[in-house]
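Enquirer: Next up, entry.txt (compact mmCIF, C-alpha atoms).
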# COMPACT_ATOMS: atom_id res chain seq x y z
CA MET A 1 20.52 -6.69 12.25
CA SER A 2 22.46 -3.43 12.15
CA ILE A 3 21.17 -0.38 10.30
CA LYS A 4 21.29 3.36 10.83
CA LEU A 5 18.99 6.05 9.45
CA THR A 6 19.71 9.72 8.93
CA ALA A 7 18.04 12.10 11.33
CA ALA A 8 15.79 13.38 8.53
CA LYS A 9 14.58 9.92 7.50
CA ARG A 10 14.01 8.95 11.12
CA ALA A 11 11.93 12.08 11.74
CA HIS A 12 9.90 11.54 8.56
CA LEU A 13 9.17 7.90 9.42
CA GLN A 14 8.06 8.76 12.91
CA ALA A 15 5.85 11.55 11.49
CA LEU A 16 4.02 8.83 9.54
CA ALA A 17 3.51 6.69 12.65
CA THR A 18 1.68 6.83 15.95
CA GLU A 19 3.50 7.70 19.16
CA ARG A 20 4.01 3.96 19.59
CA GLY A 21 5.72 3.72 16.20
CA ILE A 22 2.86 2.01 14.36
CA ILE A 23 2.01 3.09 10.81
CA GLY A 24 -1.77 3.27 10.57
CA ALA A 25 -2.09 5.10 7.26
CA ALA A 26 -5.03 5.70 4.97
CA ALA A 27 -4.59 5.44 1.19
CA MET A 28 -6.33 7.70 -1.30
CA ASP A 29 -3.92 7.85 -4.25
CA GLN A 30 -6.16 5.80 -6.57
CA ARG A 31 -6.55 7.50 -9.92
CA GLY A 32 -7.54 5.35 -12.90
CA SER A 33 -9.58 2.91 -10.80
CA LEU A 34 -11.32 5.73 -8.93
CA LYS A 35 -12.16 7.52 -12.16
CA LYS A 36 -13.71 4.33 -13.58
CA ALA A 37 -15.70 3.75 -10.38
CA ILE A 38 -17.07 7.30 -10.34
CA ALA A 39 -17.93 7.03 -14.04
CA LYS A 40 -19.80 3.79 -13.41
CA GLY A 41 -21.69 5.29 -10.46
CA LYS A 42 -22.72 8.33 -12.45
CA GLY A 43 -23.46 6.45 -15.67
CA ILE A 44 -20.92 8.45 -17.67
CA GLU A 45 -17.69 7.74 -19.52
CA PRO A 46 -14.42 7.84 -17.54
CA GLY A 47 -13.29 10.72 -19.74
CA ASP A 48 -16.26 12.75 -18.49
CA VAL A 49 -15.18 12.48 -14.85
CA THR A 50 -13.85 15.95 -14.07
CA ASP A 51 -10.79 17.02 -12.12
CA ASP A 52 -13.13 18.62 -9.59
CA MET A 53 -14.90 15.31 -8.98
CA MET A 54 -11.62 13.52 -8.35
CA SER A 55 -10.26 16.21 -6.04
CA GLU A 56 -13.58 16.57 -4.21
CA PHE A 57 -13.75 12.87 -3.37
CA LYS A 58 -10.15 12.74 -2.17
CA LEU A 59 -10.60 15.89 -0.11
CA SER A 60 -13.61 14.42 1.70
CA VAL A 61 -11.78 11.17 2.45
CA SER A 62 -8.74 13.01 3.79
CA ARG A 63 -10.78 15.38 5.94
CA ALA A 64 -12.88 12.57 7.46
CA LEU A 65 -10.29 9.85 7.98
CA THR A 66 -6.99 11.53 8.82
CA PRO A 67 -8.06 12.40 12.39
CA HIS A 68 -8.08 8.62 12.87
CA ALA A 69 -4.94 7.77 10.85
CA SER A 70 -1.24 8.29 11.43
CA ALA A 71 -0.77 9.36 7.79
CA ILE A 72 -2.40 9.47 4.39
CA LEU A 73 -1.15 8.47 0.95
CA LEU A 74 -2.30 10.79 -1.83
CA ASP A 75 -1.34 11.54 -5.41
CA PRO A 76 0.03 14.92 -6.51
CA ILE A 77 -2.43 15.07 -9.43
CA TRP A 78 -5.75 15.39 -7.60
CA GLY A 79 -4.73 14.85 -4.00
CA MET A 80 -3.10 18.12 -2.95
CA PRO A 81 -6.32 19.77 -1.66
CA GLY A 82 -6.74 16.67 0.50
CA ALA A 83 -3.13 16.93 1.64
CA LYS A 84 -3.67 20.50 2.78
CA ALA A 85 -6.92 19.57 4.57
CA ARG A 86 -5.53 16.56 6.45
CA ALA A 87 -5.53 16.52 10.24
CA SER A 88 -2.43 17.92 11.94
CA ASN A 89 -1.61 14.51 13.42
CA ALA A 90 -1.30 12.84 10.01
CA GLY A 91 1.88 12.55 7.98
CA LEU A 92 1.87 12.61 4.19
CA LEU A 93 3.04 10.14 1.56
CA LEU A 94 2.87 11.03 -2.13
CA SER A 95 2.88 8.61 -5.04
CA TYR A 96 5.53 9.07 -7.75
CA GLU A 97 4.38 6.60 -10.40
CA GLU A 98 1.80 7.07 -13.12
CA SER A 99 -1.50 5.28 -12.52
CA GLY A 100 -1.58 1.76 -13.96
CA TYR A 101 1.27 0.40 -16.06
CA ASP A 102 2.65 0.39 -19.59
CA ASN A 103 0.41 -2.01 -21.53
CA THR A 104 2.23 -1.54 -24.83
CA GLN A 105 4.80 -4.17 -23.88
CA PRO A 106 4.97 -7.23 -21.63
CA GLY A 107 5.87 -7.06 -17.95
CA ARG A 108 3.53 -4.40 -16.56
CA LEU A 109 6.34 -1.86 -16.38
CA ALA A 110 5.81 1.25 -14.28
CA THR A 111 6.42 4.80 -15.43
CA LEU A 112 6.92 7.97 -13.41
CA VAL A 113 4.83 11.14 -13.54
CA ASN A 114 6.64 13.28 -16.09
CA ASP A 115 6.71 16.54 -14.19
CA LEU A 116 7.65 15.06 -10.81
CA SER A 117 10.89 14.21 -9.07
CA VAL A 118 11.69 13.16 -5.53
CA ARG A 119 13.00 16.68 -4.94
CA ARG A 120 9.64 18.11 -6.03
CA ILE A 121 7.69 15.60 -3.94
CA SER A 122 9.75 16.59 -0.91
CA ARG A 123 9.05 20.28 -1.57
CA LEU A 124 5.32 19.50 -1.65
CA GLY A 125 5.65 18.60 2.02
CA ALA A 126 5.69 14.81 1.79
CA ASN A 127 7.23 12.68 4.51
CA ALA A 128 7.79 9.78 2.10
CA VAL A 129 7.78 8.76 -1.54
CA LYS A 130 5.67 5.78 -2.57
CA ILE A 131 6.08 3.64 -5.67
CA LEU A 132 3.74 0.88 -6.86
CA LEU A 133 5.47 -1.89 -8.81
CA TYR A 134 3.81 -4.92 -10.38
CA TYR A 135 6.23 -7.72 -9.61
CA THR A 136 6.58 -11.49 -9.61
CA PRO A 137 9.69 -13.66 -9.38
CA PHE A 138 8.15 -15.80 -12.13
CA GLU A 139 8.48 -13.04 -14.75
CA ASP A 140 11.15 -13.20 -17.47
CA ALA A 141 14.53 -12.36 -15.89
CA ARG A 142 15.23 -9.64 -18.45
CA ILE A 143 12.00 -7.84 -17.54
CA ASN A 144 12.68 -8.14 -13.83
CA ASP A 145 16.17 -6.77 -14.36
CA VAL A 146 14.59 -3.62 -15.84
CA LYS A 147 12.36 -3.37 -12.76
CA HIS A 148 15.31 -3.87 -10.42
CA ALA A 149 17.22 -1.02 -12.10
CA PHE A 150 14.10 1.17 -11.94
CA ILE A 151 13.81 0.70 -8.17
CA GLU A 152 17.56 1.20 -7.66
CA ARG A 153 17.32 4.60 -9.36
CA ILE A 154 14.40 5.68 -7.19
CA GLY A 155 16.14 4.44 -4.04
CA ASP A 156 19.20 6.53 -4.92
CA GLU A 157 17.00 9.56 -5.64
CA CYS A 158 15.29 9.20 -2.25
CA ALA A 159 18.65 8.81 -0.50
CA ALA A 160 19.98 11.94 -2.20
CA ASN A 161 16.96 13.89 -0.97
CA ASP A 162 16.98 12.29 2.50
CA ILE A 163 13.34 11.13 2.34
CA PRO A 164 11.94 7.64 3.08
CA PHE A 165 11.08 5.29 0.23
CA PHE A 166 7.95 3.13 0.56
CA LEU A 167 7.78 0.39 -2.06
CA GLU A 168 4.47 -1.33 -2.78
CA PHE A 169 4.59 -4.43 -4.95
CA VAL A 170 1.57 -6.26 -6.31
CA GLY A 171 1.87 -9.77 -7.70
CA TYR A 172 0.49 -10.94 -11.03
CA ASP A 173 0.52 -13.90 -13.39
CA PRO A 174 2.87 -13.34 -16.38
CA ALA A 175 0.82 -15.91 -18.32
CA GLY A 176 -2.30 -13.78 -17.97
CA GLY A 177 -4.20 -16.07 -15.58
CA ASP A 178 -6.87 -14.96 -13.14
CA GLU A 179 -5.10 -13.36 -10.18
CA LYS A 180 -8.27 -13.74 -8.09
CA GLY A 181 -8.63 -17.44 -8.86
CA LEU A 182 -7.65 -20.64 -7.10
CA GLU A 183 -4.53 -21.42 -9.14
CA PHE A 184 -2.94 -18.05 -8.52
CA ALA A 185 -3.94 -18.27 -4.84
CA ARG A 186 -1.74 -21.37 -4.56
CA ARG A 187 1.22 -19.47 -6.01
CA LYS A 188 0.62 -16.18 -4.21
CA PRO A 189 2.53 -17.02 -0.99
CA GLU A 190 5.73 -17.56 -2.96
CA VAL A 191 5.18 -14.43 -5.06
CA VAL A 192 4.77 -12.27 -1.94
CA ARG A 193 7.55 -13.94 0.04
CA GLU A 194 10.18 -13.73 -2.69
CA SER A 195 9.24 -10.16 -3.57
CA MET A 196 9.76 -9.20 0.08
CA ARG A 197 13.11 -10.96 0.07
CA GLU A 198 14.25 -9.27 -3.15
CA PHE A 199 13.38 -5.69 -2.24
CA SER A 200 14.79 -5.96 1.27
CA LYS A 201 18.24 -5.89 -0.31
CA ASP A 202 20.33 -2.84 0.51
CA ARG A 203 20.90 -1.90 -3.12
CA TYR A 204 17.29 -0.78 -3.55
CA GLY A 205 17.30 1.70 -0.68
CA VAL A 206 13.74 0.83 0.37
CA ASP A 207 12.85 1.97 3.88
CA VAL A 208 9.40 0.36 4.27
CA LEU A 209 7.85 -2.48 2.27
CA LYS A 210 4.15 -2.15 1.55
CA VAL A 211 3.08 -5.75 0.98
CA GLU A 212 0.08 -7.85 0.12
CA ILE A 213 -1.41 -10.31 2.56
CA PRO A 214 0.54 -13.45 1.52
CA VAL A 215 -2.58 -15.53 0.93
CA ASN A 216 -5.97 -15.02 -0.69
CA MET A 217 -8.36 -15.23 2.25
CA LYS A 218 -11.12 -16.32 -0.11
CA PHE A 219 -9.30 -19.65 -0.35
CA ALA A 220 -8.14 -19.90 3.29
CA ALA A 221 -9.97 -22.78 4.95
CA GLY A 222 -11.69 -21.67 8.12
CA SER A 223 -11.79 -17.98 7.27
CA ARG A 224 -15.08 -16.10 7.10
CA ALA A 225 -14.20 -15.15 3.53
CA CYS A 226 -13.89 -18.77 2.37
CA SER A 227 -17.15 -20.30 1.16
CA GLY A 228 -15.87 -22.69 -1.53
CA PRO A 229 -12.70 -24.62 -2.38
CA SER A 230 -9.55 -23.83 -0.40
CA ALA A 231 -5.91 -23.48 -1.36
CA TYR A 232 -4.51 -23.80 2.14
CA SER A 233 -5.45 -24.93 5.63
CA LYS A 234 -5.34 -22.46 8.50
CA SER A 235 -2.05 -23.90 9.74
CA GLU A 236 -0.60 -23.44 6.27
CA VAL A 237 -1.82 -19.84 6.23
CA MET A 238 -0.05 -19.23 9.55
CA GLU A 239 3.16 -20.61 8.07
CA HIS A 240 2.81 -18.47 4.94
CA PHE A 241 2.49 -15.35 7.10
CA ARG A 242 5.57 -16.30 9.11
CA ALA A 243 7.67 -17.28 6.07
CA ALA A 244 6.94 -13.99 4.32
CA ALA A 245 7.81 -12.02 7.45
CA GLU A 246 11.07 -13.91 7.86
CA ALA A 247 12.03 -13.05 4.26
CA ALA A 248 11.92 -9.32 5.01
CA SER A 249 14.86 -7.38 6.38
CA ARG A 250 12.98 -4.08 6.28
CA PRO A 251 9.88 -2.97 8.21
CA PHE A 252 6.73 -3.98 6.35
CA ILE A 253 3.11 -2.91 6.41
CA TYR A 254 0.07 -4.57 4.83
CA LEU A 255 -2.06 -3.14 2.03
CA SER A 256 -5.74 -3.96 1.64
CA ALA A 257 -5.64 -4.64 -2.15
CA GLY A 258 -9.28 -3.72 -2.68
CA VAL A 259 -10.87 -6.31 -0.38
CA THR A 260 -13.74 -5.43 1.93
CA ASN A 261 -13.22 -4.08 5.42
CA GLU A 262 -14.40 -7.37 6.88
CA VAL A 263 -11.91 -9.42 4.85
CA PHE A 264 -9.00 -7.09 5.59
CA THR A 265 -9.66 -6.99 9.32
CA GLU A 266 -9.82 -10.78 9.41
CA SER A 267 -6.53 -10.90 7.51
CA LEU A 268 -4.95 -8.71 10.18
CA GLU A 269 -6.36 -10.95 12.90
CA TRP A 270 -4.70 -13.96 11.28
CA ALA A 271 -1.45 -12.02 10.85
CA ALA A 272 -1.50 -11.27 14.56
CA GLU A 273 -2.27 -14.89 15.41
CA SER A 274 0.68 -16.03 13.31
CA GLY A 275 3.01 -13.79 15.32
CA THR A 276 4.36 -11.75 12.41
CA ASN A 277 6.16 -8.50 13.20
CA PHE A 278 4.25 -6.26 10.80
CA SER A 279 4.46 -2.54 11.56
CA GLY A 280 1.02 -1.44 10.48
CA VAL A 281 -1.08 -0.85 7.37
CA LEU A 282 -1.60 1.47 4.45
CA CYS A 283 -5.27 0.86 3.77
CA GLY A 284 -7.45 2.42 1.10
CA ARG A 285 -10.52 0.90 -0.46
CA ALA A 286 -11.38 -1.33 2.51
CA THR A 287 -12.22 1.89 4.34
CA TRP A 288 -14.03 4.07 1.79
CA GLN A 289 -14.96 2.15 -1.39
CA GLU A 290 -18.61 1.70 -0.38
CA ALA A 291 -18.97 5.48 -0.39
CA ILE A 292 -18.43 5.85 -4.14
CA PRO A 293 -22.06 5.11 -5.17
CA ILE A 294 -23.29 7.43 -2.43
CA TYR A 295 -21.15 10.26 -3.76
CA CYS A 296 -22.20 9.57 -7.33
CA GLN A 297 -25.93 9.44 -6.57
CA GLN A 298 -26.34 11.87 -3.68
CA GLY A 299 -23.40 14.27 -3.81
CA VAL A 300 -20.60 15.42 -1.58
CA ALA A 301 -22.73 16.21 1.49
CA ALA A 302 -23.96 12.60 1.60
CA LEU A 303 -20.37 11.42 1.06
CA ASP A 304 -19.22 13.46 4.04
CA ASP A 305 -22.02 12.02 6.18
CA TRP A 306 -21.12 8.44 5.20
CA LEU A 307 -17.41 8.93 5.79
CA GLY A 308 -18.06 10.58 9.15
CA THR A 309 -19.97 7.52 10.34
CA HIS A 310 -19.30 4.34 8.36
CA GLY A 311 -15.86 5.42 7.14
CA VAL A 312 -14.71 6.27 10.65
CA GLU A 313 -16.16 2.98 11.88
CA ASN A 314 -14.24 1.10 9.17
CA ILE A 315 -10.91 2.69 10.01
CA GLY A 316 -11.63 2.04 13.67
CA HIS A 317 -11.98 -1.68 12.96
CA ILE A 318 -8.55 -1.62 11.31
CA ASN A 319 -6.94 0.43 14.08
CA ASP A 320 -8.22 -2.08 16.64
CA ARG A 321 -6.26 -4.82 14.85
CA LEU A 322 -3.05 -2.78 15.04
CA GLU A 323 -2.70 -3.50 18.74
CA ALA A 324 -0.70 -6.54 17.61
CA ALA A 325 1.63 -4.51 15.36
CA ALA A 326 5.23 -3.76 16.29
CA PRO A 327 6.90 -0.31 16.08
CA TRP A 328 8.69 0.19 12.77
CA TYR A 329 11.99 0.83 14.55
CA SER A 330 11.74 -2.37 16.64
CA PHE A 331 12.22 -4.29 13.41
CA TYR A 332 15.88 -3.28 13.67
CA GLY A 333 16.15 -4.20 17.33
CA ALA A 334 15.89 -0.58 18.46
CA GLU A 335 13.88 0.63 21.44
CA SER A 336 13.36 4.08 19.95
CA PRO A 337 13.81 5.88 16.61
CA ASP A 338 16.79 7.79 17.99
CA ALA A 339 18.84 4.59 18.19
CA LEU A 340 18.77 4.38 14.38
CA VAL A 341 20.18 7.81 13.60
CA ALA A 342 23.42 7.69 11.62
Represent the supplied structure as structure tokens.
Expert:
Amino acid sequence: MSIKLTAAKRAHLQALATERGIIGAAAMDQRGSLKKAIAKGKGIEPGDVTDDMMSEFKLSVSRALTPHASAILLDPIWGMPGAKARASNAGLLLSYEESGYDNTQPGRLATLVNDLSVRRISRLGANAVKILLYYTPFEDARINDVKHAFIERIGDECAANDIPFFLEFVGYDPAGGDEKGLEFARRKPEVVRESMREFSKDRYGVDVLKVEIPVNMKFAAGSRACSGPSAYSKSEVMEHFRAAAEAASRPFIYLSAGVTNEVFTESLEWAAESGTNFSGVLCGRATWQEAIPIYCQQGVAALDDWLGTHGVENIGHINDRLEAAAPWYSFYGAESPDALVA
């Protein structure tokens, strides 16, 4: 595989990685889901969750976890205090899309934050732009064509501003089925694999794919997370990991998708066992979600205490599993980032 990166993109990507070239990033760009969780914990309506509450939580997470992460993903709405407070070793990714998706029409279409652009994100000090896209190859072709054009535009905008583009895609069922259920679990490997194949194409300008684990570990026979019916044997899981990795022609990192720390770390263990060449993680809720009730009931001091102990322990469990990860630049057959400079 032959690819070259500009000096600026190369430097940004390495700023998001460890010295070994592994991306071990924390994620704290949740907005709508975090607001709902805080509202539930405090017994109030989501509309009563204040800007200060959102910023305060994100600031605490950034301050506690970035000394143990290579980077952090934040949103420009409530995340900038956290961005400024992050450890000096941690790079910065900023999200560009609005929280959630357009539910006034089919297809879960994404929209961008109105007063943002890639130029503005770059001027905020970000090392990369991140977009979340709900995507499945089983969606109506006309809807997916809209999504393809959307990503092409963002890829061109990132190229024009010489900043890396991280694309996160999350699968769904166009028919409205349960995405946590057994039937979708059987289809998930194909959804993840073909999404990785699609957005590896040059026309999108994606630099790093942020991808789901290609199976639902709840239905993976032999996993600690599986206590009921299974959708795949362990050998089939290994093959699903390998097939998804082979479909990618860009570096890829795994997202935690809201599972527990225990489930995500086991997922990474199985990824390592399968021999996939993943380049790290961008992990959010698996690290800090248990702290939300503590913050809601006991305040920010208790949140800081929890993050400084349990949160650090959680991210340590994930970092331990990154020993099996490969440097992002090795995906292109390079021995160092410099070999990829255009």
Enquirer: When you count all atoms listed in the file, which of these residues is closest to A:Glu194: A:Gly333, A:Gly181, A:Pro137, A:Pro106?
Expert: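 The answer is A:Pro137, which sits nearest to A:Glu194.
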Enquirer: Find the distance between atom CA of A:Ala272 and atom CA of A:Arg250 and write it in Å to one decimal.
Expert: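 Those two atoms sit 18.2 Å apart.
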Enquirer: Might you pull out every residue within 12 Å of A:Ser70, with all atoms listed in the file counted and same-chain residues fewer than 3 positions away left off, and present them as a PyMOL selection string?
Expert: chain A and resi 12-27+62+65-67+73+86-93+127+280-283+315+319+322
Enquirer: Go ahead and write the residues just picked, C-alpha atoms, as a PDB file, in the frame of the given file.
Expert:
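See selection-v9.pdb below for the written result:
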ATOM      1  CA  HIS A  12       9.900  11.540   8.560  1.00  0.00           C
ATOM      2  CA  LEU A  13       9.170   7.900   9.420  1.00  0.00           C
ATOM      3  CA  GLN A  14       8.060   8.760  12.910  1.00  0.00           C
ATOM      4  CA  ALA A  15       5.850  11.550  11.490  1.00  0.00           C
ATOM      5  CA  LEU A  16       4.020   8.830   9.540  1.00  0.00           C
ATOM      6  CA  ALA A  17       3.510   6.690  12.650  1.00  0.00           C
ATOM      7  CA  THR A  18       1.680   6.830  15.950  1.00  0.00           C
ATOM      8  CA  GLU A  19       3.500   7.700  19.160  1.00  0.00           C
ATOM      9  CA  ARG A  20       4.010   3.960  19.590  1.00  0.00           C
ATOM     10  CA  GLY A  21       5.720   3.720  16.200  1.00  0.00           C
ATOM     11  CA  ILE A  22       2.860   2.010  14.360  1.00  0.00           C
ATOM     12  CA  ILE A  23       2.010   3.090  10.810  1.00  0.00           C
ATOM     13  CA  GLY A  24      -1.770   3.270  10.570  1.00  0.00           C
ATOM     14  CA  ALA A  25      -2.090   5.100   7.260  1.00  0.00           C
ATOM     15  CA  ALA A  26      -5.030   5.700   4.970  1.00  0.00           C
ATOM     16  CA  ALA A  27      -4.590   5.440   1.190  1.00  0.00           C
ATOM     17  CA  SER A  62      -8.740  13.010   3.790  1.00  0.00           C
ATOM     18  CA  LEU A  65     -10.290   9.850   7.980  1.00  0.00           C
ATOM     19  CA  THR A  66      -6.990  11.530   8.820  1.00  0.00           C
ATOM     20  CA  PRO A  67      -8.060  12.400  12.390  1.00  0.00           C
ATOM     21  CA  LEU A  73      -1.150   8.470   0.950  1.00  0.00           C
ATOM     22  CA  ARG A  86      -5.530  16.560   6.450  1.00  0.00           C
ATOM     23  CA  ALA A  87      -5.530  16.520  10.240  1.00  0.00           C
ATOM     24  CA  SER A  88      -2.430  17.920  11.940  1.00  0.00           C
ATOM     25  CA  ASN A  89      -1.610  14.510  13.420  1.00  0.00           C
ATOM     26  CA  ALA A  90      -1.300  12.840  10.010  1.00  0.00           C
ATOM     27  CA  GLY A  91       1.880  12.550   7.980  1.00  0.00           C
ATOM     28  CA  LEU A  92       1.870  12.610   4.190  1.00  0.00           C
ATOM     29  CA  LEU A  93       3.040  10.140   1.560  1.00  0.00           C
ATOM     30  CA  ASN A 127       7.230  12.680   4.510  1.00  0.00           C
ATOM     31  CA  GLY A 280       1.020  -1.440  10.480  1.00  0.00           C
ATOM     32  CA  VAL A 281      -1.080  -0.850   7.370  1.00  0.00           C
ATOM     33  CA  LEU A 282      -1.600   1.470   4.450  1.00  0.00           C
ATOM     34  CA  CYS A 283      -5.270   0.860   3.770  1.00  0.00           C
ATOM     35  CA  ILE A 315     -10.910   2.690  10.010  1.00  0.00           C
ATOM     36  CA  ASN A 319      -6.940   0.430  14.080  1.00  0.00           C
ATOM     37  CA  LEU A 322      -3.050  -2.780  15.040  1.00  0.00           C
TER      38      LEU A 322
END
Enquirer: Go through A:Arg242, A:Arg285, A:Arg193, A:Lys210 one by one, measure the shortest atom-to-atom distance of each to A:Ala257 using all atoms listed in the file, and give the residue with the smallest value.
Expert: A:Arg285
Enquirer: Taking only C-alpha atoms into account, which of A:Asp102, A:Glu157, A:Glu262, A:Glu179 comes nearest A:Ile121?
Expert: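 Ranked by minimum distance to A:Ile121, first place goes to A:Glu157.
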Enquirer: Smallest atom-to-atom distance to A:Asp173: which of A:Val211, A:Arg108, A:Lys201, A:Val61, using only C-alpha atoms?
Expert: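 Answer, going by the shortest atom-to-atom distance: A:Arg108.
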Enquirer: Which one of A:Glu266, A:Glu290, A:Glu98, A:Asp162 sits closest to A:Ala126 if you count only C-alpha atoms?
Expert: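 That would be A:Asp162, the residue with the smallest distance to A:Ala126.
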